[in-house]
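Q: Handing you a structure now.
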Amino acid sequence: MMGSLGEKNWNDTMLIDAHIHLDQYSDTELDKCIPEWQAARVGAVIAVSMNLASAHRTLELKKRYPDFVYAAIGYHPEQPFPHPAEIEEIFSLIKQEKEKLCAIGEVGLPYYSPHAGAWAEAYGELLGQFAALAAETDLPLVLHAVHDKAEPALEIILAQGVCKAHFHWLKAPDDVIDRIIRCGYYISLTPEVCYRKRDQRLALRVPLSGLLLETDGPWPHSGPFTGKRTTPLFLRDSVATVAALRGLAFAEVAASSTRATQKLYGIPEACSYM
């Protein structure tokens with residue numbers, strides 16, 4: 001959905017992709033695309049990790065694009081439960097590279113995996129450990145916690161005293177969404193907001209001050225994005241949709257999302273206005 005952007009100079013508005021798996025794009029693709037994304041006024045991306053190998057790749061990308069890539073290290077829960085040695089190395093890497101990181105993630109509880117039930121207890125304990133480290137290091141926590149896993153994930157991070165958290169691509173009951181909002185945590189929308197009613201309702205429920213925009217690239221999206229490679233360029237379609245839904249100017253929604261992402265992840269304002 002493009003709609004009326006409601007802002008004459010919308011091309012001057014900078015955006016930040018609040019959640020992307022940048023390590024899953026090839027070096028050749030990134031060398032070509034990142035300058036194009038920047039030219040299209042994408043000022044930064046929050047690059048999350050899937051596992052230990054992904055974490056090292058993400059840190060390499062942070063080194064190559066230091067003013068564009070903001071790195072997070074974690075272990076995605078929709079995978080076989082990690083070996084204790086990998087967990088130990090991930091925690092060690094987070095502590096070792098803390099100054100290069102903007103967050104811990106992607107972490108959370110499994111829902112889609114066919115083995116989610118068998119791994120539930122172990123992943124709950126692991127999320128508690130990640131949450132404790134987030135509280136200790138004062139790093140935000142990037143959460144994969146959807147549907148009936150959102151509430152237990154919320155209880156776990158609250159028990160560990162986590163102050164800063166981002167529930168990415170959230171799908172949860174309204175009462176759980178409202179609790180997350182009251183706790184001061186952040187919620188993000190993907191390009192699904194352009195074509196899915198559930199996400200459009202969420203866009204109206206979350207205060208702008210706590211609403212982030214992400215692509216979760218290279219995860220493919222449907223609707224107007226069918227058959228297209230997911231990139232941060234999709235963010236402008238999401239902004240246009242949220243602006244139309246809320247009766248606001250494109251620039252107001254874009255600026256709010258950018259400010260919220262900067263606040264949560266400690267991104268200097270200058271980095272989004274090159």
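Note on naming: chains are A, B, ... as they come in the structure tokens, residues start from 1 per chain, ligands start from 1 in the order shown.
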Produce a table with one row for each residue of stretch 177-274 of chain A that has an atom at most 10 Å from any atom of stretch 87-103 of chain A, each row naming the nearest atom pair and its distance in Å at one decimal; use only C-alpha atoms; arrange rows by chain and rising residue number; format as a tab-separated table.
A:
```
residue	atom	partner	partner_atom	distance
A:Leu264	CA	A:Cys102	CA	8.9
A:Tyr265	CA	A:Cys102	CA	5.5
A:Gly266	CA	A:Cys102	CA	6.8
A:Ile267	CA	A:Cys102	CA	8.2
```
Q: Got a sec: who's within 10 Å of stretch 111-124 of chain A, counting only C-alpha atoms, leaving out chain neighbours fewer than 2 positions off, as a PyMOL selection string?
A: chain A and resi 76-82+107-109+126-130+144-150+152-153+156
Q: Give me, as a list in words, all polymer residues having an atom no more than 9 Å from A:Asp67, counting only C-alpha atoms and skipping those fewer than 3 positions away in the same chain.
A: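 In the requested format, the answer is Gly43, Ala44, Lys62, Tyr70 and Cys271 of chain A.
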Q: I'd like the contact shell of A:Cys194 - 9 Å cut-off, only C-alpha atoms, skipping same-chain residues fewer than 5 positions apart - returned as a PDB file with N, CA, C and O atoms, in the first residue's frame.
A:
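File result.pdb, as written:
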```pdb
ATOM      1  N   MET A   1       0.850  -1.192   0.000  1.00  0.00           N
ATOM      2  CA  MET A   1       0.000   0.000   0.000  1.00  0.00           C
ATOM      3  C   MET A   1       0.877   1.229   0.000  1.00  0.00           C
ATOM      4  O   MET A   1       1.667   1.449   0.898  1.00  0.00           O
ATOM      5  N   MET A   2       0.731   2.067  -1.008  1.00  0.00           N
ATOM      6  CA  MET A   2       1.510   3.292  -1.043  1.00  0.00           C
ATOM      7  C   MET A   2       0.705   4.449  -0.477  1.00  0.00           C
ATOM      8  O   MET A   2       1.136   5.155   0.404  1.00  0.00           O
ATOM      9  N   ASP A 199      -1.936  -7.190  11.679  1.00  0.00           N
ATOM     10  CA  ASP A 199      -0.845  -6.239  11.872  1.00  0.00           C
ATOM     11  C   ASP A 199      -1.344  -4.797  11.815  1.00  0.00           C
ATOM     12  O   ASP A 199      -0.806  -3.920  12.496  1.00  0.00           O
ATOM     13  N   GLN A 200      -2.374  -4.562  11.039  1.00  0.00           N
ATOM     14  CA  GLN A 200      -2.942  -3.211  10.974  1.00  0.00           C
ATOM     15  C   GLN A 200      -3.623  -2.848  12.289  1.00  0.00           C
ATOM     16  O   GLN A 200      -3.541  -1.702  12.750  1.00  0.00           O
ATOM     17  N   GLY A 223       1.468 -10.333  -0.394  1.00  0.00           N
ATOM     18  CA  GLY A 223       0.792  -9.110  -0.811  1.00  0.00           C
ATOM     19  C   GLY A 223       1.561  -8.405  -1.916  1.00  0.00           C
ATOM     20  O   GLY A 223       1.992  -9.036  -2.890  1.00  0.00           O
ATOM     21  N   PRO A 224       1.778  -7.106  -1.785  1.00  0.00           N
ATOM     22  CA  PRO A 224       2.476  -6.348  -2.833  1.00  0.00           C
ATOM     23  C   PRO A 224       3.951  -6.706  -2.961  1.00  0.00           C
ATOM     24  O   PRO A 224       4.612  -6.265  -3.901  1.00  0.00           O
ATOM     25  N   ASP A 237       7.018   1.589   2.444  1.00  0.00           N
ATOM     26  CA  ASP A 237       5.647   1.103   2.260  1.00  0.00           C
ATOM     27  C   ASP A 237       4.969   0.917   3.617  1.00  0.00           C
ATOM     28  O   ASP A 237       3.794   1.240   3.778  1.00  0.00           O
ATOM     29  N   SER A 238       5.723   0.400   4.589  1.00  0.00           N
ATOM     30  CA  SER A 238       5.175   0.218   5.931  1.00  0.00           C
ATOM     31  C   SER A 238       4.823   1.560   6.565  1.00  0.00           C
ATOM     32  O   SER A 238       3.760   1.715   7.178  1.00  0.00           O
ATOM     33  N   ALA A 240       4.091   4.352   5.024  1.00  0.00           N
ATOM     34  CA  ALA A 240       2.936   4.911   4.323  1.00  0.00           C
ATOM     35  C   ALA A 240       1.642   4.272   4.813  1.00  0.00           C
ATOM     36  O   ALA A 240       0.626   4.953   5.002  1.00  0.00           O
ATOM     37  N   THR A 241       1.675   2.957   5.059  1.00  0.00           N
ATOM     38  CA  THR A 241       0.484   2.256   5.531  1.00  0.00           C
ATOM     39  C   THR A 241       0.110   2.696   6.940  1.00  0.00           C
ATOM     40  O   THR A 241      -1.053   2.984   7.230  1.00  0.00           O
ATOM     41  N   VAL A 242       1.087   2.735   7.844  1.00  0.00           N
ATOM     42  CA  VAL A 242       0.807   3.153   9.227  1.00  0.00           C
ATOM     43  C   VAL A 242       0.299   4.587   9.251  1.00  0.00           C
ATOM     44  O   VAL A 242      -0.639   4.924   9.992  1.00  0.00           O
TER      45      VAL A 242
END
```
Q: What is the distance between atom CA of A:Gly184 and atom CA of A:Arg41, in Å to one decimal?
A: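 One can read the atom CA of A:Gly184 to atom CA of A:Arg41 distance as 28.1 Å.
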Q: Nearest to A:Leu15: which of A:Tyr195, A:Tyr185, A:Tyr65, A:Phe234 is it, counting only C-alpha atoms?
A: A:Phe234
Q: Env of stretch 166-177 of chain A: 6 Å cut, atoms = only C-alpha atoms, seq-sep filter 3 positions within chain, self excluded. Answer as a PyMOL selection string.
A: chain A and resi 142-143+146-147+180+186-189
Q: Near stretch 253-259 of chain A, counting only C-alpha atoms, which residues have an atom at most 7 Å away, once you skip same-chain residues fewer than 5 positions from it, shown as a CSV table (one decimal) with N, CA, C and O atoms, in the first residue's frame?
A:
```csv
chain,number,residue,atom,x,y,z
A,13,THR,N,13.2,12.0,4.7
A,13,THR,CA,13.0,11.4,6.0
A,13,THR,C,13.8,10.1,6.1
A,13,THR,O,13.7,9.2,5.3
A,15,LEU,N,15.1,6.5,7.7
A,15,LEU,CA,14.5,5.3,8.4
A,15,LEU,C,15.6,4.4,8.9
A,15,LEU,O,16.7,4.4,8.4
A,16,ILE,N,15.2,3.5,9.9
A,16,ILE,CA,16.1,2.5,10.4
A,16,ILE,C,15.3,1.2,10.4
A,16,ILE,O,14.2,1.1,10.8
A,208,LEU,N,2.8,5.4,19.2
A,208,LEU,CA,3.9,5.6,18.3
A,208,LEU,C,5.3,5.6,18.9
A,208,LEU,O,6.3,5.2,18.3
A,209,SER,N,5.3,6.1,20.2
A,209,SER,CA,6.6,6.2,20.9
A,209,SER,C,7.3,4.8,21.1
A,209,SER,O,8.4,4.7,21.4
A,211,LEU,N,6.6,2.1,18.9
A,211,LEU,CA,6.4,1.3,17.7
A,211,LEU,C,7.6,1.4,16.8
A,211,LEU,O,8.0,2.5,16.3
A,212,LEU,N,8.2,0.3,16.4
A,212,LEU,CA,9.4,0.2,15.5
A,212,LEU,C,8.9,-0.5,14.2
A,212,LEU,O,7.9,-1.2,14.2
A,213,LEU,N,9.7,-0.2,13.2
A,213,LEU,CA,9.4,-0.8,11.9
A,213,LEU,C,10.6,-1.7,11.4
A,213,LEU,O,11.8,-1.2,11.6
A,239,VAL,N,5.7,2.5,6.4
A,239,VAL,CA,5.4,3.9,7.0
A,239,VAL,C,4.2,4.5,6.3
A,239,VAL,O,3.3,5.0,7.0
A,243,ALA,N,0.9,5.4,8.4
A,243,ALA,CA,0.4,6.8,8.4
A,243,ALA,C,-1.0,6.9,7.9
A,243,ALA,O,-1.8,7.7,8.5
```
Q: Between atom CA of A:Trp37 and atom CA of A:Leu233, what is the distance in Å, rounded to a tenth?
A: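 That distance, rounded to one decimal, is 6.5 Å.
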Q: Neighbours of A:Leu22 within 12 Å (only C-alpha atoms; same-chain residues fewer than 3 positions away dropped), as an MDAnalysis selection string?
A: chainID A and resid 17:19 25:27 29:31 33:34 44:50 54:62 65 68:72 215:219 230:232
Q: How would you write, as a PyMOL selection string, the set of residues in stretch 91-258 of chain A that DSSP gives as strand (DSSP E)?
A: chain A and resi 101-108+141-144+165-167+186-189+211-213
Q: Choose the residue, out of A:Ala165, A:Ala53, A:Leu245, A:Ile157, that has the smallest atom-to-atom separation from A:Leu202; count only C-alpha atoms.
A: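 Using only C-alpha atoms, the shortest distance to A:Leu202 belongs to A:Leu245.
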Q: Taking the backbone alone, and naming residues the way the document does, which bits of stretch 92-226 of chain A are helix (DSSP H, G or I) by DSSP, as a ChimeraX atom specification?
A: /A:92-96,98-100,116-137,147-159,174-182,191-194,197-205,208-210,223-225
Q: Mind giving me the straight-line distance from atom CA of A:Leu235 to atom CA of A:Arg179 in Å, one decimal?
A: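 Atom CA of A:Leu235 sits 26.5 Å away from atom CA of A:Arg179.
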